[in-house]
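Reproduced below: upload24.txt, with compact mmCIF, C-alpha atoms and all ligand atoms.
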# COMPACT_ATOMS: atom_id res chain seq x y z
CA ASN A 531 15.79 -16.24 20.75
CA ARG A 532 14.44 -17.75 23.92
CA THR A 533 11.50 -20.11 23.71
CA VAL A 534 8.88 -19.47 26.35
CA TYR A 535 6.66 -22.41 27.21
CA ALA A 536 3.18 -21.82 28.53
CA PRO A 537 2.65 -23.71 31.79
CA VAL A 538 0.15 -26.55 31.44
CA GLN A 539 -1.92 -26.87 34.60
CA GLY A 540 -4.98 -28.87 33.86
CA PRO A 541 -7.43 -30.00 31.19
CA GLU A 542 -8.76 -26.47 30.70
CA GLU A 543 -5.23 -25.23 30.12
CA VAL A 544 -4.58 -28.06 27.64
CA ARG A 545 -7.77 -27.25 25.77
CA ARG A 546 -6.77 -23.60 25.53
CA LEU A 547 -3.29 -24.49 24.32
CA ALA A 548 -4.71 -26.80 21.68
CA ALA A 549 -7.03 -24.03 20.52
CA ALA A 550 -4.11 -21.60 20.36
CA LEU A 551 -2.07 -24.09 18.32
CA ASN A 552 -4.96 -24.58 15.92
CA GLU A 553 -5.24 -20.83 15.47
CA LEU A 554 -1.53 -20.65 14.80
CA SER A 555 -1.60 -23.35 12.15
CA LYS A 556 -4.59 -21.69 10.49
CA GLU A 557 -2.62 -18.46 10.39
CA LEU A 558 0.42 -20.25 8.95
CA LYS A 559 -1.72 -21.88 6.28
CA LYS A 560 -3.11 -18.47 5.36
CA GLN A 561 0.40 -17.07 5.06
CA GLU A 562 1.50 -20.01 2.96
CA ASP A 563 -1.45 -19.53 0.56
CA TRP A 564 -0.61 -15.86 0.45
CA ARG A 565 3.04 -16.51 -0.52
CA HIS A 566 1.94 -18.99 -3.16
CA GLN A 567 -0.45 -16.49 -4.70
CA LEU A 568 2.27 -13.83 -4.55
CA MET A 569 4.69 -16.04 -6.49
CA GLU A 570 2.04 -16.66 -9.14
CA ASP A 571 1.16 -12.98 -9.47
CA LEU A 572 4.79 -11.99 -9.66
CA THR A 573 5.73 -14.58 -12.23
CA HIS A 574 2.88 -13.37 -14.37
CA GLU A 575 3.83 -9.74 -13.88
CA LEU A 576 7.49 -10.34 -14.75
CA ARG A 577 6.93 -12.62 -17.70
CA THR A 578 5.16 -10.17 -20.00
CA PRO A 579 7.80 -7.41 -20.09
CA LEU A 580 10.67 -9.90 -20.07
CA THR A 581 9.28 -11.85 -23.02
CA SER A 582 8.71 -8.63 -24.90
CA ILE A 583 12.27 -7.39 -24.32
CA LEU A 584 13.80 -10.76 -25.17
CA THR A 585 11.81 -11.13 -28.39
CA GLN A 586 12.76 -7.67 -29.56
CA LEU A 587 16.44 -8.10 -28.71
CA GLU A 588 16.57 -11.44 -30.52
CA ALA A 589 14.96 -9.93 -33.57
CA MET A 590 17.53 -7.13 -33.54
CA ILE A 591 20.44 -9.54 -33.12
CA ASP A 592 19.11 -11.67 -36.00
CA GLY A 593 18.78 -8.56 -38.14
CA ILE A 594 15.00 -8.95 -38.52
CA TYR A 595 14.41 -5.71 -36.61
CA GLU A 596 16.33 -2.57 -37.19
CA VAL A 597 17.78 -1.03 -34.04
CA SER A 598 15.75 2.14 -33.67
CA GLN A 599 15.49 4.86 -31.10
CA GLU A 600 11.82 4.05 -30.69
CA ARG A 601 12.38 0.35 -30.00
CA LEU A 602 15.20 1.07 -27.58
CA SER A 603 13.03 3.55 -25.67
CA GLN A 604 10.22 1.05 -25.54
CA MET A 605 12.49 -1.61 -24.08
CA TYR A 606 13.89 0.95 -21.68
CA GLU A 607 10.34 1.76 -20.48
CA GLU A 608 9.67 -1.92 -19.85
CA LEU A 609 12.89 -2.24 -17.86
CA ILE A 610 12.04 0.83 -15.79
CA ARG A 611 8.71 -0.76 -14.99
CA LEU A 612 10.39 -3.99 -13.96
CA SER A 613 12.77 -2.14 -11.72
CA ARG A 614 9.89 -0.20 -10.14
CA LEU A 615 8.10 -3.47 -9.54
CA MET A 616 11.15 -4.89 -7.76
CA ASN A 617 11.41 -1.80 -5.53
CA ASP A 618 7.75 -1.98 -4.59
CA MET A 619 8.01 -5.71 -3.90
CA GLU A 620 10.81 -5.01 -1.50
CA ARG A 621 8.73 -2.37 0.27
CA LEU A 622 5.74 -4.70 0.42
CA SER A 623 7.70 -7.47 2.09
CA GLU A 624 9.12 -4.92 4.52
CA ALA A 625 5.60 -3.71 5.22
CA GLU A 626 4.43 -7.23 5.90
CA ALA A 627 7.28 -7.91 8.25
CA ALA A 628 6.49 -4.57 9.92
CA GLN A 629 4.19 -6.09 12.49
CA PHE A 630 7.35 -7.43 14.09
CA THR A 631 9.33 -4.22 13.77
CA ILE A 632 6.86 -1.47 14.61
CA VAL A 633 8.59 1.09 16.79
CA ARG A 634 5.84 3.06 18.52
CA LYS A 635 6.23 6.56 19.81
CA ARG A 636 3.62 8.94 21.14
CA THR A 637 3.02 11.11 18.11
CA ASN A 638 0.95 14.13 17.19
CA VAL A 639 -0.92 12.68 14.22
CA VAL A 640 -1.97 16.10 12.92
CA GLN A 641 1.62 17.29 12.78
CA LEU A 642 2.73 14.07 11.13
CA THR A 643 0.01 14.31 8.48
CA GLU A 644 0.79 17.97 7.90
CA THR A 645 4.43 17.07 7.15
CA VAL A 646 3.28 14.75 4.38
CA TYR A 647 0.94 17.47 3.12
CA ARG A 648 3.91 19.84 2.83
CA ASN A 649 6.02 17.19 1.09
CA PHE A 650 3.41 16.82 -1.66
CA GLN A 651 2.58 20.50 -2.12
CA ALA A 652 5.03 20.95 -5.03
CA ALA A 653 3.92 17.80 -6.87
CA ALA A 654 0.26 18.85 -6.65
CA LYS A 655 1.02 22.39 -7.75
CA ALA A 656 3.06 21.14 -10.72
CA LYS A 657 -0.04 19.25 -11.91
CA GLY A 658 -2.39 22.19 -11.29
CA ILE A 659 -4.14 20.47 -8.36
CA ARG A 660 -5.18 22.33 -5.22
CA LEU A 661 -3.98 20.34 -2.21
CA GLU A 662 -5.48 21.44 1.12
CA PHE A 663 -4.97 20.38 4.71
CA TYR A 664 -7.84 19.92 7.14
CA ASN A 665 -6.74 20.53 10.73
CA PRO A 666 -9.21 19.39 13.43
CA ASN A 667 -7.59 21.92 15.79
CA VAL A 668 -7.39 19.53 18.69
CA PRO A 669 -4.24 17.77 19.82
CA CYS A 670 -4.31 14.24 18.37
CA TYR A 671 -1.89 11.80 19.94
CA ALA A 672 -1.41 8.16 19.00
CA GLU A 673 1.29 5.58 19.59
CA VAL A 674 2.58 4.89 16.09
CA ASP A 675 5.67 4.11 14.10
CA ARG A 676 6.17 7.51 12.47
CA ASP A 677 8.07 6.42 9.36
CA LYS A 678 5.53 3.75 8.62
CA ILE A 679 2.52 6.01 9.01
CA VAL A 680 4.26 8.60 6.82
CA GLN A 681 4.59 5.89 4.19
CA VAL A 682 0.87 5.01 4.44
CA ILE A 683 -0.20 8.67 4.08
CA SER A 684 2.31 9.25 1.27
CA ASN A 685 0.94 6.30 -0.68
CA ILE A 686 -2.64 7.55 -0.57
CA VAL A 687 -1.72 11.18 -1.30
CA SER A 688 0.53 10.25 -4.21
CA ASN A 689 -2.33 8.14 -5.62
CA ALA A 690 -4.75 11.06 -5.19
CA ILE A 691 -2.37 13.26 -7.21
CA LYS A 692 -1.72 10.52 -9.77
CA TYR A 693 -5.42 9.85 -10.39
CA THR A 694 -6.65 13.48 -10.35
CA SER A 695 -6.22 15.78 -13.31
CA GLY A 696 -5.27 19.45 -13.38
CA GLY A 697 -7.90 21.75 -11.89
CA GLY A 698 -8.81 19.08 -9.34
CA HIS A 699 -8.91 19.36 -5.59
CA ILE A 700 -7.53 17.17 -2.79
CA VAL A 701 -8.14 17.49 0.95
CA LEU A 702 -5.86 15.65 3.35
CA GLY A 703 -6.81 15.78 7.00
CA VAL A 704 -7.36 14.16 10.37
CA ASN A 705 -10.47 13.36 12.40
CA TYR A 706 -9.90 12.45 16.00
CA SER A 707 -11.83 10.70 18.73
CA GLU A 708 -10.73 9.47 22.11
CA ASP A 709 -9.93 5.99 20.78
CA THR A 710 -8.98 6.48 17.16
CA SER A 711 -7.24 8.78 14.73
CA ILE A 712 -8.66 8.83 11.24
CA ILE A 713 -6.46 10.17 8.49
CA PHE A 714 -8.41 10.87 5.32
CA CYS A 715 -7.59 11.91 1.79
CA LYS A 716 -10.43 13.06 -0.45
CA ASP A 717 -9.93 13.78 -4.14
CA THR A 718 -12.01 14.91 -7.10
CA GLY A 719 -10.15 12.53 -9.43
CA ILE A 720 -11.20 9.82 -11.86
CA GLY A 721 -12.67 7.64 -9.10
CA ILE A 722 -12.96 3.87 -8.97
CA SER A 723 -15.85 1.84 -10.36
CA LYS A 724 -18.09 -0.28 -8.10
CA GLU A 725 -16.69 -3.44 -9.69
CA ASP A 726 -13.07 -2.48 -9.01
CA LEU A 727 -13.46 -0.96 -5.55
CA PRO A 728 -13.33 -4.26 -3.57
CA TYR A 729 -9.99 -5.13 -5.15
CA VAL A 730 -7.93 -1.94 -4.89
CA PHE A 731 -6.09 -3.13 -1.79
CA ASN A 732 -5.07 -6.40 -3.46
CA ARG A 733 -1.50 -6.78 -4.60
CA LEU A 734 -0.81 -5.86 -8.21
CA PHE A 735 -4.40 -4.74 -8.79
CA ARG A 736 -4.84 -1.82 -11.18
CA ALA A 737 -8.29 -0.62 -12.10
CA ASP A 738 -7.37 -0.04 -15.71
CA LYS A 739 -4.11 -1.70 -16.69
CA SER A 740 -3.28 0.46 -19.66
CA ARG A 741 -4.08 3.70 -17.85
CA SER A 742 -2.06 2.78 -14.77
CA ARG A 743 0.82 1.53 -16.85
CA PHE A 744 0.89 4.97 -18.40
CA SER A 745 0.77 6.64 -14.98
CA GLY A 746 3.60 4.44 -13.80
CA GLY A 747 1.88 2.41 -11.06
CA VAL A 748 2.47 -1.26 -10.50
CA GLY A 749 -0.43 -1.83 -8.13
CA LEU A 750 1.41 -2.33 -4.85
CA GLY A 751 1.07 1.05 -3.11
CA LEU A 752 -2.29 0.34 -1.49
CA SER A 753 -1.38 -3.20 -0.43
CA ILE A 754 1.69 -1.76 1.28
CA ALA A 755 -0.51 0.87 2.97
CA LYS A 756 -2.93 -1.84 4.10
CA ALA A 757 -0.19 -4.07 5.56
CA LEU A 758 1.24 -1.09 7.47
CA ALA A 759 -2.15 0.07 8.79
CA GLU A 760 -2.88 -3.49 9.94
CA ALA A 761 0.52 -3.72 11.61
CA HIS A 762 -0.80 -0.83 13.76
CA GLN A 763 -4.03 -2.77 14.43
CA GLY A 764 -5.70 -0.26 12.18
CA THR A 765 -7.70 -0.39 8.96
CA ILE A 766 -7.77 1.31 5.60
CA GLU A 767 -10.88 1.72 3.46
CA ALA A 768 -11.98 3.46 0.31
CA GLU A 769 -15.19 5.04 -0.90
CA SER A 770 -15.43 6.12 -4.48
CA GLU A 771 -17.57 6.89 -7.46
CA ALA A 772 -16.24 6.61 -10.99
CA GLY A 773 -15.80 10.05 -12.52
CA LYS A 774 -16.46 11.88 -9.25
CA GLY A 775 -13.56 11.11 -6.91
CA SER A 776 -12.44 9.01 -3.99
CA VAL A 777 -11.96 9.11 -0.24
CA PHE A 778 -9.39 6.93 1.51
CA ARG A 779 -9.56 6.58 5.29
CA VAL A 780 -6.88 5.16 7.55
CA THR A 781 -8.12 4.41 11.07
CA ILE A 782 -5.56 3.81 13.80
CA PRO A 783 -6.22 3.06 17.48
CA ASN A 784 -4.58 5.76 19.61
CA ARG A 785 -3.38 3.29 22.18
CA TYR A 786 -1.61 0.06 21.47
CA LYS A 787 -3.31 -3.02 22.84
CA SER A 788 -1.01 -6.00 23.18
CA VAL A 789 -2.66 -9.18 21.92
P1 LIG B 1 -0.73 1.85 -8.44
O1 LIG B 1 0.75 1.68 -8.35
O2 LIG B 1 -1.30 1.23 -9.68
O3 LIG B 1 -1.19 3.25 -8.21
P2 LIG B 1 -2.01 1.14 -5.91
O4 LIG B 1 -1.97 -0.13 -5.14
O5 LIG B 1 -1.49 2.37 -5.22
O6 LIG B 1 -1.25 0.89 -7.26
O7 LIG B 1 -3.50 1.39 -6.36
C1 LIG B 1 -4.22 0.34 -6.97
C2 LIG B 1 -5.23 0.86 -7.97
O8 LIG B 1 -6.27 1.56 -7.28
C3 LIG B 1 -4.64 1.89 -8.94
O9 LIG B 1 -4.05 1.28 -10.06
C4 LIG B 1 -5.89 2.69 -9.33
O10 LIG B 1 -6.58 2.02 -10.34
C5 LIG B 1 -6.74 2.65 -8.07
N1 LIG B 1 -6.59 3.89 -7.25
C6 LIG B 1 -5.86 4.04 -6.12
N2 LIG B 1 -6.00 5.28 -5.62
C7 LIG B 1 -6.87 5.94 -6.43
C8 LIG B 1 -7.45 7.26 -6.43
N3 LIG B 1 -7.16 8.16 -5.49
N4 LIG B 1 -8.31 7.56 -7.44
C9 LIG B 1 -8.62 6.65 -8.39
N5 LIG B 1 -8.12 5.40 -8.44
C10 LIG B 1 -7.26 5.03 -7.48
Give the structure from the file, written as structure tokens.
Amino acid sequence: NRTVYAPVQGPEEVRRLAAALNELSKELKKQEDWRHQLMEDLTHELRTPLTSILTQLEAMIDGIYEVSQERLSQMYEELIRLSRLMNDMERLSEAEAAQFTIVRKRTNVVQLTETVYRNFQAAAKAKGIRLEFYNPNVPCYAEVDRDKIVQVISNIVSNAIKYTSGGGHIVLGVNYSEDTSIIFCKDTGIGISKEDLPYVFNRLFRADKSRSRFSGGVGLGLSIAKALAEAHQGTIEAESEAGKGSVFRVTIPNRYKSV
């Protein structure tokens, strides 16, 4: 690691450097707050299942609880959830570090999205959901990290399948302009209420805890998608109506602008 010092030439240069340093410390403070909040969320998220497993095991060891198939399965479920949480945490921290490790290649975004569409065909079919692909029929090229964009698209498509019941319909597709590629995923699923919508990209947020627990989510998929889209200088947004369905849109600039 080589440190590069900006040349200081005059008062104007000094002023600019000071401003840059201030920006940097603001950014660091933001990151520090973020980490702090993450620790709090995680501790909370880990404590509930751990306490439950510990209490049950103690009761079994003390002979207060009989060891039953049902209790063992319940503890097993909690452990599976914990292990899923750990996996997702790992992916989230990778996603956040991604801004430093994005490997861009000129990529046909339509082809890339279509690959994900094919990967999810079987899962949708198994649930009785019609999954369609919208092809804009123009070549769409953007400089992106392919694996990371595949992960973003996979997260929103797997959610669409998870939160749509049999008989439903999902369209995955691309809209393209000279400057941006927009990957969208529209479903006719359970939707998200107005109150919940602003929070879906927050870590560990689940619109309805009991429902999502049942469907196996831990509430990190969309925050991972957001971190990865932002690492591409892009955005991700959602529109939804409870009971009607949702649309997720990932917008990525086609050309990388160094900042
Ligand atoms: P999870 O692991 O719970 O699915 P996500 O971060 O992927 O976590 O999503 C956060 C929450 O947003 C979900 O728990 C769910 O309530 C809501 N959500 C995400 N995608 C959809 C969708 N397509 N339809 C309805 N609700 C959704």
Using only C-alpha atoms and all ligand atoms, what does the table of chain A residues within 6 Å of ligand LIG 1 (chain B) look like, with each row giving the shortest atom pair and its distance in Å to one decimal, sorted by chain and ascending number, as CSV?
residue,atom,partner,partner_atom,distance
A:Asn689,CA,B:LIG1,N2,4.7
A:Ala690,CA,B:LIG1,N3,3.8
A:Tyr693,CA,B:LIG1,N4,4.7
A:Gly719,CA,B:LIG1,N4,5.7
A:Ile720,CA,B:LIG1,C9,5.4
A:Gly721,CA,B:LIG1,C9,4.2
A:Ile722,CA,B:LIG1,N5,5.1
A:Val730,CA,B:LIG1,O8,4.6
A:Phe735,CA,B:LIG1,C1,5.4
A:Arg736,CA,B:LIG1,O9,3.4
A:Ala737,CA,B:LIG1,O10,3.6
A:Asp738,CA,B:LIG1,O10,5.8
A:Ser742,CA,B:LIG1,O9,5.3
A:Gly747,CA,B:LIG1,O1,3.0
A:Val748,CA,B:LIG1,O1,4.0
A:Gly749,CA,B:LIG1,O6,3.0
A:Leu750,CA,B:LIG1,O4,4.0
A:Gly751,CA,B:LIG1,O5,3.6
A:Leu752,CA,B:LIG1,O4,3.7
A:Ser753,CA,B:LIG1,O4,5.7
A:Ser776,CA,B:LIG1,N3,5.6
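Here CA of Thr573 in chain A and CA of Met616 in chain A stand 12.0 Å from one another.
With only C-alpha atoms as the atoms that count, the minimum distance from Arg611 in chain A to the choices A:Asn638, A:Ser707, A:Thr578, A:Thr781 is reached by A:Thr578.
Within the 12 Å cut-off around range 556-568 of chain A, using only C-alpha atoms and omitting residues fewer than 2 positions from it on the same chain, the listed residues are Ala549, Ala550, Leu551, Asn552, Glu553, Leu554, Glu570, Asp571, Leu572, Thr573, His574, Glu575, Leu576, Met619, Leu622, Ser623, Glu626, Ala627, Asn732, Arg733, Leu734, Leu750 and Ser753 of chain A.
Each of A:Met605, A:Val674, A:Glu644, A:Met569 was checked against Thr581 in chain A using only C-alpha atoms; the smallest atom-to-atom distance is that of A:Met605.
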(message) Which residues are near Phe650 in chain A? Cut-off 10 Å, only C-alpha atoms, ignore same chain within fewer than 2 positions. Put them as an NGL selection string.
(response) :A and (644-648 or 652-655 or 661 or 684 or 687-688 or 691)
Specify the axis-aligned box that encloses all atoms of range 644-660 of chain A listed in the file after padding of 4 Å on each side, stating its centre and edge lengths in Å to one decimal as AutoDock Vina command-line options.
--center_x 0.4 --center_y 18.6 --center_z -2.0 --size_x 19.2 --size_y 15.6 --size_z 27.8
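Closest approach to Val639 in chain A among A:Pro783, A:Pro541, A:Pro579, A:Gly658: A:Pro783, based on all atoms listed in the file.
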(request) Give as a PyMOL selection string every residue, naming chains and numbers as the document does, that has an atom within 12 Å of (2.1, 8.8, 24.5), counting only C-alpha atoms. (result) chain A and resi 634-639+669-675+784-786
Deliver the residues from the most recent selection as a file, using C-alpha atoms, as a compact mmCIF listing (two decimals), in the coordinates of the input.
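Result went into selection.txt, see below:
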# COMPACT_ATOMS: atom_id res chain seq x y z
CA ARG A 634 5.84 3.06 18.52
CA LYS A 635 6.23 6.56 19.81
CA ARG A 636 3.62 8.94 21.14
CA THR A 637 3.02 11.11 18.11
CA ASN A 638 0.95 14.13 17.19
CA VAL A 639 -0.92 12.68 14.22
CA PRO A 669 -4.24 17.77 19.82
CA CYS A 670 -4.31 14.24 18.37
CA TYR A 671 -1.89 11.80 19.94
CA ALA A 672 -1.41 8.16 19.00
CA GLU A 673 1.29 5.58 19.59
CA VAL A 674 2.58 4.89 16.09
CA ASP A 675 5.67 4.11 14.10
CA ASN A 784 -4.58 5.76 19.61
CA ARG A 785 -3.38 3.29 22.18
CA TYR A 786 -1.61 0.06 21.47
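Across the model, the gap from CA of Ser711 in chain A to CA of Ile782 in chain A is 5.3 Å.
Between CA of Ile610 in chain A and CA of Cys715 in chain A there is a distance of 28.6 Å.
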(request) Considering all atoms listed in the file, state which residue in the set A:Gly697, A:Glu708, A:Asp618, A:Ala628 is at the smallest distance from Gln763 in chain A. (result) A:Ala628
(message) With only C-alpha atoms as the counted atoms, please give the residues lying no more than 8 Å from Ile683 in chain A, apart from itself and same-chain residues fewer than 2 positions off, as number ranges by chain.
(response) A: 643, 646, 679-681, 685-687, 713, 755
Export, as an mmCIF file, keeping the file's coordinate frame, the selected residues with C-alpha atoms.
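Output contents, as saved in selection-v7.cif:
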data_model
loop_
_atom_site.group_PDB
_atom_site.id
_atom_site.type_symbol
_atom_site.label_atom_id
_atom_site.label_comp_id
_atom_site.auth_asym_id
_atom_site.auth_seq_id
_atom_site.Cartn_x
_atom_site.Cartn_y
_atom_site.Cartn_z
ATOM 1 C CA THR A 643 0.010 14.310 8.480
ATOM 2 C CA VAL A 646 3.280 14.750 4.380
ATOM 3 C CA ILE A 679 2.520 6.010 9.010
ATOM 4 C CA VAL A 680 4.260 8.600 6.820
ATOM 5 C CA GLN A 681 4.590 5.890 4.190
ATOM 6 C CA ASN A 685 0.940 6.300 -0.680
ATOM 7 C CA ILE A 686 -2.640 7.550 -0.570
ATOM 8 C CA VAL A 687 -1.720 11.180 -1.300
ATOM 9 C CA ILE A 713 -6.460 10.170 8.490
ATOM 10 C CA ALA A 755 -0.510 0.870 2.970
#
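Shortest atom-to-atom contact with Phe714 in chain A among A:Lys692, A:Ser603, A:Glu760, A:Val780: A:Val780, counting only C-alpha atoms.
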Using the partial input, fill out range 692-721 of chain A with N, CA and C atoms; write the result as a compact mmCIF listing (two decimals), in the frame of the given file.
# COMPACT_ATOMS: atom_id res chain seq x y z
N LYS A 692 -1.87 11.29 -8.53
CA LYS A 692 -1.72 10.52 -9.77
C LYS A 692 -3.05 10.37 -10.52
N TYR A 693 -4.13 10.15 -9.75
CA TYR A 693 -5.42 9.85 -10.39
C TYR A 693 -6.38 11.06 -10.41
N THR A 694 -5.84 12.26 -10.25
CA THR A 694 -6.65 13.48 -10.35
C THR A 694 -6.02 14.36 -11.41
N SER A 695 -6.85 14.95 -12.28
CA SER A 695 -6.22 15.78 -13.31
C SER A 695 -6.16 17.24 -12.87
N GLY A 696 -5.46 18.02 -13.66
CA GLY A 696 -5.27 19.45 -13.38
C GLY A 696 -6.61 20.14 -13.14
N GLY A 697 -6.64 21.07 -12.20
CA GLY A 697 -7.90 21.75 -11.89
C GLY A 697 -8.63 21.05 -10.75
N GLY A 698 -8.16 19.85 -10.40
CA GLY A 698 -8.81 19.08 -9.34
C GLY A 698 -8.44 19.57 -7.95
N HIS A 699 -9.02 18.89 -6.97
CA HIS A 699 -8.91 19.36 -5.59
C HIS A 699 -8.73 18.15 -4.67
N ILE A 700 -7.77 18.26 -3.75
CA ILE A 700 -7.53 17.17 -2.79
C ILE A 700 -7.51 17.74 -1.38
N VAL A 701 -8.22 17.08 -0.46
CA VAL A 701 -8.14 17.49 0.95
C VAL A 701 -7.56 16.33 1.75
N LEU A 702 -6.47 16.63 2.44
CA LEU A 702 -5.86 15.65 3.35
C LEU A 702 -6.12 16.17 4.75
N GLY A 703 -6.54 15.28 5.66
CA GLY A 703 -6.81 15.78 7.00
C GLY A 703 -6.94 14.68 8.02
N VAL A 704 -7.26 15.10 9.25
CA VAL A 704 -7.36 14.16 10.37
C VAL A 704 -8.67 14.39 11.10
N ASN A 705 -9.33 13.30 11.47
CA ASN A 705 -10.47 13.36 12.40
C ASN A 705 -10.06 12.56 13.62
N TYR A 706 -10.44 13.05 14.79
CA TYR A 706 -9.90 12.45 16.00
C TYR A 706 -11.00 12.15 16.98
N SER A 707 -10.95 10.96 17.60
CA SER A 707 -11.83 10.70 18.73
C SER A 707 -10.95 10.18 19.85
N GLU A 708 -11.55 9.88 20.98
CA GLU A 708 -10.73 9.47 22.11
C GLU A 708 -9.91 8.20 21.79
N ASP A 709 -10.57 7.29 21.04
CA ASP A 709 -9.93 5.99 20.78
C ASP A 709 -9.14 5.92 19.48
N THR A 710 -9.59 6.66 18.48
CA THR A 710 -8.98 6.48 17.16
C THR A 710 -8.61 7.79 16.48
N SER A 711 -7.58 7.68 15.63
CA SER A 711 -7.24 8.78 14.73
C SER A 711 -7.61 8.32 13.33
N ILE A 712 -8.31 9.18 12.61
CA ILE A 712 -8.66 8.83 11.24
C ILE A 712 -7.98 9.83 10.30
N ILE A 713 -7.11 9.31 9.47
CA ILE A 713 -6.46 10.17 8.49
C ILE A 713 -7.20 9.96 7.17
N PHE A 714 -7.67 11.05 6.57
CA PHE A 714 -8.41 10.87 5.32
C PHE A 714 -7.80 11.67 4.19
N CYS A 715 -8.06 11.20 2.97
CA CYS A 715 -7.59 11.91 1.79
C CYS A 715 -8.71 11.83 0.76
N LYS A 716 -9.25 13.01 0.42
CA LYS A 716 -10.43 13.06 -0.45
C LYS A 716 -10.02 13.75 -1.74
N ASP A 717 -10.31 13.14 -2.87
CA ASP A 717 -9.93 13.78 -4.14
C ASP A 717 -11.11 13.88 -5.09
N THR A 718 -10.97 14.76 -6.08
CA THR A 718 -12.01 14.91 -7.10
C THR A 718 -11.51 14.27 -8.40
N GLY A 719 -10.79 13.16 -8.27
CA GLY A 719 -10.15 12.53 -9.43
C GLY A 719 -11.06 11.61 -10.22
N ILE A 720 -10.45 10.68 -10.94
CA ILE A 720 -11.20 9.82 -11.86
C ILE A 720 -12.09 8.81 -11.14
N GLY A 721 -11.82 8.57 -9.84
CA GLY A 721 -12.67 7.64 -9.10
C GLY A 721 -12.42 6.19 -9.46
